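Peer 1: If you scroll down you'll find the structure; I have some questions about it.
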Amino acid sequence: MAWRELGKKSIRASLSRLLTPTTSRHTALSSSFSGLELKFSSPSIQCIRESHLFHTTPQLLGRRGDRDDTVGLQTHKKGKFKKRPENAKPPVEAPYIPPKLKKPTKSSADKTIEIFEGMTTLELAQRCGQSVAMLQNILVNVGEKIGSEFDPLGIDIAELIAIEVGVNVKRLYSYEGSIVVPRAPVVTVMGHVDHGKTSLLDALRQTSVAAKEAGGITQHLGAFVVSMPSGASITFLDTPGHAAFSAMRARGAAVTDIVVLVVAADDGVMPQTIEAMSHARSADVPIVVAINKCDKPASDPERVKVQLASEGLPLEEMGGDVQVVEVSAVTKTGLDRLEEALLLQAELMDLKARVDGAAQAYVVEARLDRGRGPLVTALVKAGTLVVGQHVAVGAEWGKIRAIRDTSGKPTNQATPAMPVEIEGLKGLPMAGDDITVVDSEERARMLSVGRKKKMEKDRLRKMNEEKLSLSGTESFSEENKNDSVPERVELPIIVKGDVQGTVQAVTDSLKSLNSPQVFVNVIHVGVGPICQSDLDLAQATGACIVGFNVRTPPHSVTLAAAQANIKIKVHRVIYHLLEDIGNFIVEKAPGTYETEVAGEAQVLNIFELKGRSKSKGDDVKIAGCRVMDGQVMRSSTMRLLRSGEVVFEGCCVSLKKETQDVETVQKGNECGLVLRDCFDFQIGDVIQCLHQVNKKPKFISSESGAVRIEC
C-alpha cells in the first residue's frame with residue numbers, strides 16, 4: 001500500500017507543476033509521466049491517472065488523438081492566407097439605398113395609462129416608461145414639493161405629469177367608503193332614420209318633439225327623464241338616425257346602460273340599424289329590440305325578426321337573451337310591455353352609483369347661447385355635481401354658475417343618471433368630453449392649459465404623419481409621371497353650427513366627400529351664427545362658408561359676402577346641406593378628359609384626283625361616306641377601321657357635303673372627306689370621329705343618407 005500512496009503524491013505534485021506554464025516544468029512533467037507509465041501498470045493507478053489528469057480542466061493536455069506523449073496546452077494553427085486570383089473581378093459598385101425607418105408600433109402619444117388617487121411617483125414612472133428623476137423635475141415645474149418616490153400623488157397632479165410626458169390618461173375612481181345607492185337606468189334609443197325613434201319617445205313622455213324638428217328628422221343628441229306609469233324613472237338619450245351622425249350614435253352607446261334598437265316593421269333592417277348594433281356590441285351594452293309601426297298594413301314583424309337573427313342578434317324567441325317588443329308610437333300600443341322589458345333588464349344589471357364625493361359627468365352636447373354663453377348638456381355618472389364647483393371639461397374650464405334640469409328649472413345639484421344643463425364655462429368643450437371636478441380655480445386652469453398643449457401636439461403630429469404619407473405618394477407619382485394623373489383642386493370650407501355635436505357631424509360628412517379631383521379642407525369650425533370674422537377669414541383663404549341650423553346672417557354680412565364673391569350656404573336639414581355641397585364640389589372639380597366616338601361613317605366609294613397642278617398640291621384620295629351614327633366633325637381626329645382593326649389615325653383635311661365645305665355632317669347624310677397622309681381607303685371601311693369629353697365626377701347619395709363623390 002505504501003507504493004500506491006507514493007504514486008498518488010507523485011501525480012498530485014505533477015499536476016501542481018502543470019498549472020505554472022514554464023518550459024522546464026513541462027519537460028519535467030512529461031518525463032515524470034513517461035516514468036509513471038513504465039513503473040505503474042496497475043489498472044487502479046491507470047484509473048487514478050485518468051480521473052486526476054484528464055478531467056481536471058477542459059483544456060488540459062490538448063488533443064490526445066495522434067500524440068499521447070504530448071502533455072500541455074496546444075495552440076491552434078493559423079489558417080493559410082489565400083491570395084486573390086489574378087482574373088478576379090472587382091466588386092459591383094451598387095448605388096447606396098438608405099434603409100427604411102421602421103415606424104414604431106405604438107408611439108407615446110397613442111399610449112394610454114390608468115391613473116388613480118394616491119398612486120406613487122414610482123408607479124406613475126413605471127406606467128409612463130420614464131425615470132423617477134424626470135417626473136420629479138416635472139413636479140417642480142408644476143409647483144409641487146418633491147418628496148420620496150413612494151409619496152402619494154393627487155389624481156390631478158398625476159394627469160398633469162402624464163400630459164407633460166406625452167401620454168393619454170384614463171381616470172379610475174375607487175368606491176371604497178362611498179355611499180352606493182341604486183340609480184335609474186340610462187337608455188339610448190338608436191336605429192335607422194325615419195323609423196320612429198323620436199315618435200316613440202314622444203309617446204312615452206306624451207310630448208310632440210318630432211313635429212317641431214326640421215325636415216321631420218332628429219339632428220341632435222337629446223337627453224330626457226321619463227316618469228313611467230309604474231312610478232319608475234328612466235333617462236332616455238335620443239340619437240339621430242342619419243348616416244352623418246355616426247359619432248353621435250357612438251357617444252350615445254358609450255355612456256348608456258341599455259340600447260333600444262328601433263326597427264320599422266314595414267321597412268326592416270337598414271344600414272344604420274346594423275351600425276347601431278355594432279356600436280352596442282363594441283360598448284358591451286345589452287339590446288332591447290322595439291319593432292315600431294306595427295299598426296301599418298304593410299308591417300311584417302316576423303320578417304324583421306328573421307333579418308335581425310341573420311345579422312347575428314340572439315333573439316329571446318330563438319333561444320337568445322335579446323328581448324323583442326312590438327309597439328306602435330301612433331296608437332300607443334305595446335308601450336307598457338316596452339317599459340317592463342327595460343325595467344327587467346335594468347333589474348338584472350343591478351345598477352348602482354355613489355352619491356357622495358366629486359362628480360363624474362359626461363358631455364352629451366354643447367352649444368353657444370347668445371345671452372348665457374357656453375351651455376353644456378351633461379349626464380352625471382357618479383357623485384353629485386353642485387353649483388359653485390370648479391370643473392375642467394376637456395380643454396376648457398370654469399366655475400358652475402347654474403344647473404338646470406331637462407325642463408329648464410334651476411337646481412342646486414345633480415345626482416347620478418340625471419341629465420342637466422351646466423352654465424359657467426369659459427369656452428365650448430367638445431361633445432364626449434369628461435367633466436372633472438377639481439379643488440381650485442388654479443388647478444382647473446392648469447389642467448385646461450395642459451390638455452390644450454397636448455391636443456395641439458397631437459394635431460401637429462398627425463399633420464406631420466399626413467405630410468410623410470403625402471411625400472410617399474408624391475415620390476410614387478414621380479416614378480409614374482408618364483401616367484395621366486388628374487389635377488386636384490382644394491376647396492376650403494368654414495363650418496358653423498348650432499351645437500358642437502352637429503358641427504362635428506357636418507365636418508366628418510364633408511371630409512368624406514374628398515375625391516381624387518377635389519380635396520375638401522375644413523379650415524375652421526365653430527358654434528354660433530355666421531359673423532364678420534368668419535367673412536374675413538373666408539376672404540383671406542378663398543373659402544366657402546357653410547352654416548347648419550344657424551340663423552340667416554345679417555344683411556350687412558350677406559352684402560359684404562356678395563361683394564367679395566364669397567358663397568354662404570345655410571341649411572337646416574342635413575340632406576339638403578350635403579346635396580348642395582356635393583353639387584358645389586362637382587362644379588369645382590376639373591374633371592378628366594376622355595376620348596369618345598362622336599360618330600361613325602362607312603366608306604361607300606373612293607375618288608382620286610390626279611394630275612393636279614403644283615399650286616393645288618399633290619394627288620388626293622377622297623372617301624365618299626355615309627354617316628351611320630352620330631356626327632362627323634372636321635376639327636376632330638379620325639380613325640380608320642378595317643375588319644375591326646385600326647389602320648390609320650389622323651386629322652381631317654377636308655370635309656364636304658355635296659360641293660360645299662362644311663364643319664359637321666349629321667347622321668344619314670353623305671359626305672366626302674380627305675385624311676392627311678392617308679391613301680389606303682377601301683370600300684366598306686369605317687371611319688370614326690373622335691373627340692375629347694371632360695367627364696365630371698358624380699355626387700351619389702344612398703337611401704340611408706350616406707354620400708360620396710364618384711370619379
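Simple scheme: letters A, B, ... for chains in C-alpha cells order, numbers from 1 for residues in each chain, numbers from 1 for ligands in the order shown.
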Skipping near chain neighbours, those fewer than 2 positions away, what residues fall within 7 Å of Thr637 of chain A using only C-alpha atoms, listed as an MDAnalysis selection string?

Peer 2: chainID A and resid 635 639 650:652 689:691

Peer 1: Check segment 136-218 of chain A with DSSP on the backbone and list each residue it calls strand (DSSP E or B), as a PyMOL selection string.

Peer 2: chain A and resi 152+168-172+180-182+186-191

Peer 1: Between atom CA of Lys426 of chain A and atom CA of Val557 of chain A, what distance in Å does the model show, to one decimal?

Peer 2: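 Separation of atom CA of Lys426 of chain A and atom CA of Val557 of chain A: 26.9 Å.
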
Peer 1: Rounded to one decimal in Å, what is the spacing between atom CA of Ser310 of chain A and atom CA of Thr198 of chain A?

Peer 2: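 Separation between atom CA of Ser310 of chain A and atom CA of Thr198 of chain A: 26.5 Å.
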
Peer 1: Using only C-alpha atoms, which of the listed residues (A:Val386, A:Ala414, A:Val662, A:Leu641) sits closest to Arg401 of chain A?

Peer 2: A:Val386

Peer 1: Looking at A:Thr273, A:Asn292, A:Thr112, A:Ser233, which one is nearest to Arg171 of chain A, with distances taken over only C-alpha atoms?

Peer 2: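 Looking only at the distances to Arg171 of chain A, the closest residue turns out to be A:Thr112.
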
Peer 1: Skipping near chain neighbours, those fewer than 5 positions away, what residues fall within 12 Å of segment 127-133 of chain A using only C-alpha atoms, listed as a compact mmCIF listing (two decimals) with N, CA and C atoms, in the first residue's frame?

Peer 2:
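Saved file selection.txt follows:
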```
# COMPACT_ATOMS: atom_id res chain seq x y z
N SER A 107 -46.62 54.77 -30.54
CA SER A 107 -45.88 55.91 -30.03
C SER A 107 -46.41 56.29 -28.66
N SER A 108 -45.64 57.16 -27.97
CA SER A 108 -46.06 57.58 -26.64
C SER A 108 -47.35 58.40 -26.69
N ALA A 109 -47.57 59.09 -27.83
CA ALA A 109 -48.80 59.88 -27.94
C ALA A 109 -50.04 58.99 -28.03
N ASP A 110 -49.89 57.76 -28.52
CA ASP A 110 -51.02 56.83 -28.61
C ASP A 110 -51.17 55.97 -27.36
N LYS A 111 -50.22 56.08 -26.44
CA LYS A 111 -50.24 55.25 -25.25
C LYS A 111 -51.21 55.82 -24.22
N THR A 112 -51.99 54.97 -23.59
CA THR A 112 -52.95 55.38 -22.57
C THR A 112 -52.64 54.63 -21.28
N ILE A 113 -52.51 55.38 -20.18
CA ILE A 113 -52.24 54.77 -18.89
C ILE A 113 -53.40 55.06 -17.95
N GLU A 114 -53.53 54.24 -16.93
CA GLU A 114 -54.59 54.41 -15.94
C GLU A 114 -53.99 55.06 -14.70
N ILE A 115 -54.65 56.12 -14.22
CA ILE A 115 -54.20 56.82 -13.03
C ILE A 115 -55.32 56.80 -12.00
N MET A 119 -51.72 57.26 -6.11
CA MET A 119 -50.64 56.48 -6.72
C MET A 119 -49.30 57.18 -6.46
N THR A 120 -48.24 56.39 -6.35
CA THR A 120 -46.92 56.93 -6.03
C THR A 120 -46.21 57.39 -7.30
N THR A 121 -45.15 58.17 -7.08
CA THR A 121 -44.34 58.64 -8.22
C THR A 121 -43.69 57.47 -8.93
N LEU A 122 -43.27 56.45 -8.17
CA LEU A 122 -42.63 55.29 -8.77
C LEU A 122 -43.62 54.54 -9.68
N ILE A 138 -40.65 67.45 -13.36
CA ILE A 138 -41.95 67.96 -13.78
C ILE A 138 -42.75 68.43 -12.57
N LEU A 139 -42.62 67.73 -11.44
CA LEU A 139 -43.30 68.15 -10.22
C LEU A 139 -42.87 69.54 -9.78
N VAL A 140 -41.56 69.83 -9.92
CA VAL A 140 -41.07 71.16 -9.57
C VAL A 140 -41.68 72.22 -10.49
N ILE A 146 -41.13 68.23 -3.84
CA ILE A 146 -40.56 66.92 -4.16
C ILE A 146 -40.37 66.15 -2.86
N GLY A 147 -40.93 64.98 -2.80
CA GLY A 147 -40.74 64.12 -1.66
C GLY A 147 -40.11 62.81 -2.08
N SER A 148 -40.41 61.77 -1.37
CA SER A 148 -39.91 60.45 -1.72
C SER A 148 -40.67 59.91 -2.93
N GLU A 149 -40.05 58.96 -3.59
CA GLU A 149 -40.71 58.35 -4.75
C GLU A 149 -41.89 57.49 -4.35
N PHE A 150 -42.04 57.27 -3.04
CA PHE A 150 -43.17 56.47 -2.55
C PHE A 150 -44.27 57.34 -1.97
N ASP A 151 -44.14 58.67 -2.07
CA ASP A 151 -45.19 59.55 -1.57
C ASP A 151 -46.38 59.53 -2.52
N ALA A 158 -51.14 63.78 -11.07
CA ALA A 158 -50.72 62.66 -11.90
C ALA A 158 -51.07 62.90 -13.37
N GLU A 159 -52.26 63.48 -13.62
CA GLU A 159 -52.62 63.77 -15.00
C GLU A 159 -51.74 64.86 -15.60
N ILE A 161 -48.62 65.49 -14.86
CA ILE A 161 -47.32 64.88 -15.16
C ILE A 161 -47.42 64.04 -16.43
N ALA A 162 -48.50 63.25 -16.56
CA ALA A 162 -48.66 62.40 -17.75
C ALA A 162 -48.80 63.25 -19.01
N ILE A 163 -49.48 64.40 -18.90
CA ILE A 163 -49.62 65.29 -20.06
C ILE A 163 -48.25 65.82 -20.48
N GLU A 164 -47.40 66.19 -19.49
CA GLU A 164 -46.06 66.68 -19.82
C GLU A 164 -45.22 65.58 -20.46
N VAL A 165 -45.40 64.35 -20.00
CA VAL A 165 -44.65 63.24 -20.61
C VAL A 165 -45.14 62.98 -22.03
N GLY A 166 -46.44 63.18 -22.27
CA GLY A 166 -46.98 63.00 -23.61
C GLY A 166 -47.80 61.74 -23.79
N VAL A 167 -48.43 61.25 -22.72
CA VAL A 167 -49.27 60.06 -22.82
C VAL A 167 -50.71 60.43 -22.47
N ASN A 168 -51.63 59.63 -22.94
CA ASN A 168 -53.05 59.81 -22.60
C ASN A 168 -53.35 59.13 -21.27
N VAL A 169 -54.37 59.62 -20.59
CA VAL A 169 -54.70 59.09 -19.27
C VAL A 169 -56.16 58.67 -19.23
```

Peer 1: Please list as an MDAnalysis selection string every residue within 10 Å of Lys656 of chain A, counting only C-alpha atoms and excluding residues in the same chain fewer than 5 positions away.

Peer 2: chainID A and resid 624 634 661:665 670:674

Peer 1: May I have the selected residues written with C-alpha atoms, as a CSV table (one decimal), in the first residue's frame?

Peer 2:
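Resulting contents of result-v4.csv:
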```csv
chain,number,residue,atom,x,y,z
A,624,GLY,CA,-67.2,59.0,-100.2
A,634,ARG,CA,-63.9,68.4,-89.4
A,661,ASP,CA,-67.2,72.8,-97.3
A,662,VAL,CA,-68.9,72.1,-94.0
A,663,GLU,CA,-67.8,71.7,-90.4
A,664,THR,CA,-70.3,69.0,-89.4
A,665,VAL,CA,-72.3,66.3,-91.1
A,670,GLU,CA,-73.5,61.6,-97.3
A,671,CYS,CA,-70.1,63.4,-97.5
A,672,GLY,CA,-66.6,63.3,-98.8
A,673,LEU,CA,-63.6,63.6,-96.6
A,674,VAL,CA,-59.9,63.7,-97.0
```

Peer 1: Among the residues of segment 109-226 of chain A, find those DSSP assigns to helix (DSSP H, G or I) from the backbone and print them as JSON, numbers by chain.

Peer 2: {"A": [109, 110, 121, 122, 123, 124, 125, 126, 127, 128, 132, 133, 134, 135, 136, 137, 138, 139, 140, 141, 142, 155, 156, 157, 158, 159, 160, 161, 162, 163, 164, 165, 197, 198, 199, 200, 201, 202, 203, 204, 205, 210, 211, 212, 214, 215, 216]}

Peer 1: May I have the selected residues written with N, CA and C atoms, as a short mmCIF file (atom, residue, chain, number, x, y, z; two decimals), in the first residue's frame?

Peer 2:
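Full text of selection02.cif as output:
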```
data_model
loop_
_atom_site.label_atom_id
_atom_site.label_comp_id
_atom_site.auth_asym_id
_atom_site.auth_seq_id
_atom_site.Cartn_x
_atom_site.Cartn_y
_atom_site.Cartn_z
N ALA A 109 -47.57 59.09 -27.83
CA ALA A 109 -48.80 59.88 -27.94
C ALA A 109 -50.04 58.99 -28.03
N ASP A 110 -49.89 57.76 -28.52
CA ASP A 110 -51.02 56.83 -28.61
C ASP A 110 -51.17 55.97 -27.36
N THR A 121 -45.15 58.17 -7.08
CA THR A 121 -44.34 58.64 -8.22
C THR A 121 -43.69 57.47 -8.93
N LEU A 122 -43.27 56.45 -8.17
CA LEU A 122 -42.63 55.29 -8.77
C LEU A 122 -43.62 54.54 -9.68
N GLU A 123 -44.85 54.35 -9.21
CA GLU A 123 -45.86 53.68 -10.04
C GLU A 123 -46.14 54.47 -11.33
N LEU A 124 -46.25 55.78 -11.20
CA LEU A 124 -46.51 56.61 -12.37
C LEU A 124 -45.34 56.56 -13.35
N ALA A 125 -44.11 56.55 -12.82
CA ALA A 125 -42.93 56.47 -13.70
C ALA A 125 -42.90 55.14 -14.45
N GLN A 126 -43.26 54.06 -13.78
CA GLN A 126 -43.28 52.75 -14.44
C GLN A 126 -44.35 52.70 -15.53
N ARG A 127 -45.50 53.30 -15.29
CA ARG A 127 -46.57 53.27 -16.29
C ARG A 127 -46.26 54.19 -17.47
N CYS A 128 -45.60 55.31 -17.18
CA CYS A 128 -45.25 56.23 -18.27
C CYS A 128 -44.01 55.78 -19.03
N VAL A 132 -37.82 58.26 -12.51
CA VAL A 132 -38.41 58.98 -11.38
C VAL A 132 -37.86 60.40 -11.32
N ALA A 133 -36.57 60.56 -11.68
CA ALA A 133 -35.96 61.90 -11.64
C ALA A 133 -36.65 62.85 -12.62
N MET A 134 -37.01 62.34 -13.79
CA MET A 134 -37.69 63.19 -14.77
C MET A 134 -39.06 63.62 -14.24
N LEU A 135 -39.78 62.71 -13.63
CA LEU A 135 -41.10 63.06 -13.08
C LEU A 135 -40.97 64.04 -11.92
N GLN A 136 -39.89 63.93 -11.15
CA GLN A 136 -39.70 64.88 -10.05
C GLN A 136 -39.38 66.28 -10.58
N ASN A 137 -38.67 66.36 -11.71
CA ASN A 137 -38.43 67.67 -12.33
C ASN A 137 -39.74 68.30 -12.81
N ILE A 138 -40.65 67.45 -13.36
CA ILE A 138 -41.95 67.96 -13.78
C ILE A 138 -42.75 68.43 -12.57
N LEU A 139 -42.62 67.73 -11.44
CA LEU A 139 -43.30 68.15 -10.22
C LEU A 139 -42.87 69.54 -9.78
N VAL A 140 -41.56 69.83 -9.92
CA VAL A 140 -41.07 71.16 -9.57
C VAL A 140 -41.68 72.22 -10.49
N ASN A 141 -41.77 71.92 -11.80
CA ASN A 141 -42.35 72.87 -12.74
C ASN A 141 -43.83 73.11 -12.47
N VAL A 142 -44.51 72.06 -11.99
CA VAL A 142 -45.93 72.20 -11.69
C VAL A 142 -46.15 73.03 -10.43
N ILE A 155 -54.72 62.82 -8.06
CA ILE A 155 -55.04 62.36 -9.41
C ILE A 155 -54.88 63.49 -10.43
N ASP A 156 -55.11 64.75 -10.00
CA ASP A 156 -54.92 65.88 -10.91
C ASP A 156 -53.44 66.10 -11.21
N ILE A 157 -52.58 65.99 -10.18
CA ILE A 157 -51.14 66.13 -10.39
C ILE A 157 -50.62 65.00 -11.27
N ALA A 158 -51.14 63.78 -11.07
CA ALA A 158 -50.72 62.66 -11.90
C ALA A 158 -51.07 62.90 -13.37
N GLU A 159 -52.26 63.48 -13.62
CA GLU A 159 -52.62 63.77 -15.00
C GLU A 159 -51.74 64.86 -15.60
N LEU A 160 -51.41 65.90 -14.82
CA LEU A 160 -50.52 66.95 -15.33
C LEU A 160 -49.15 66.39 -15.70
N ILE A 161 -48.62 65.49 -14.86
CA ILE A 161 -47.32 64.88 -15.16
C ILE A 161 -47.42 64.04 -16.43
N ALA A 162 -48.50 63.25 -16.56
CA ALA A 162 -48.66 62.40 -17.75
C ALA A 162 -48.80 63.25 -19.01
N ILE A 163 -49.48 64.40 -18.90
CA ILE A 163 -49.62 65.29 -20.06
C ILE A 163 -48.25 65.82 -20.48
N GLU A 164 -47.40 66.19 -19.49
CA GLU A 164 -46.06 66.68 -19.82
C GLU A 164 -45.22 65.58 -20.46
N VAL A 165 -45.40 64.35 -20.00
CA VAL A 165 -44.65 63.24 -20.61
C VAL A 165 -45.14 62.98 -22.03
N LYS A 197 -88.03 56.77 -33.93
CA LYS A 197 -87.39 56.80 -32.61
C LYS A 197 -87.95 57.95 -31.77
N THR A 198 -87.94 59.17 -32.33
CA THR A 198 -88.44 60.32 -31.57
C THR A 198 -89.94 60.21 -31.34
N SER A 199 -90.68 59.68 -32.29
CA SER A 199 -92.12 59.49 -32.09
C SER A 199 -92.39 58.51 -30.96
N LEU A 200 -91.56 57.48 -30.83
CA LEU A 200 -91.71 56.53 -29.74
C LEU A 200 -91.44 57.20 -28.39
N LEU A 201 -90.41 58.05 -28.34
CA LEU A 201 -90.14 58.79 -27.11
C LEU A 201 -91.27 59.77 -26.79
N ASP A 202 -91.82 60.40 -27.83
CA ASP A 202 -92.96 61.31 -27.61
C ASP A 202 -94.15 60.57 -27.02
N ALA A 203 -94.36 59.35 -27.49
CA ALA A 203 -95.47 58.55 -26.96
C ALA A 203 -95.22 58.17 -25.50
N LEU A 204 -93.94 57.95 -25.13
CA LEU A 204 -93.63 57.57 -23.75
C LEU A 204 -93.77 58.76 -22.80
N ARG A 205 -93.34 59.94 -23.22
CA ARG A 205 -93.38 61.10 -22.33
C ARG A 205 -94.53 62.04 -22.64
N ALA A 210 -91.16 65.50 -32.23
CA ALA A 210 -90.90 65.12 -33.63
C ALA A 210 -91.56 66.08 -34.60
N ALA A 211 -92.71 66.64 -34.23
CA ALA A 211 -93.41 67.54 -35.15
C ALA A 211 -92.67 68.87 -35.30
N LYS A 212 -91.83 69.24 -34.34
CA LYS A 212 -91.13 70.51 -34.40
C LYS A 212 -89.77 70.42 -35.07
N ALA A 214 -86.79 70.02 -37.83
CA ALA A 214 -86.60 70.42 -39.22
C ALA A 214 -86.47 69.20 -40.10
N GLY A 215 -87.29 69.17 -41.16
CA GLY A 215 -87.22 68.04 -42.07
C GLY A 215 -87.84 66.78 -41.54
N GLY A 216 -88.39 66.83 -40.31
CA GLY A 216 -89.00 65.64 -39.74
C GLY A 216 -88.01 64.60 -39.26
#
```

Peer 1: So the first atom is atom CA of Ala543 of chain A and the second is atom CA of Lys696 of chain A; what is the distance between them in Å, to one decimal place?

Peer 2: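 Between atom CA of Ala543 of chain A and atom CA of Lys696 of chain A the gap is 21.4 Å.
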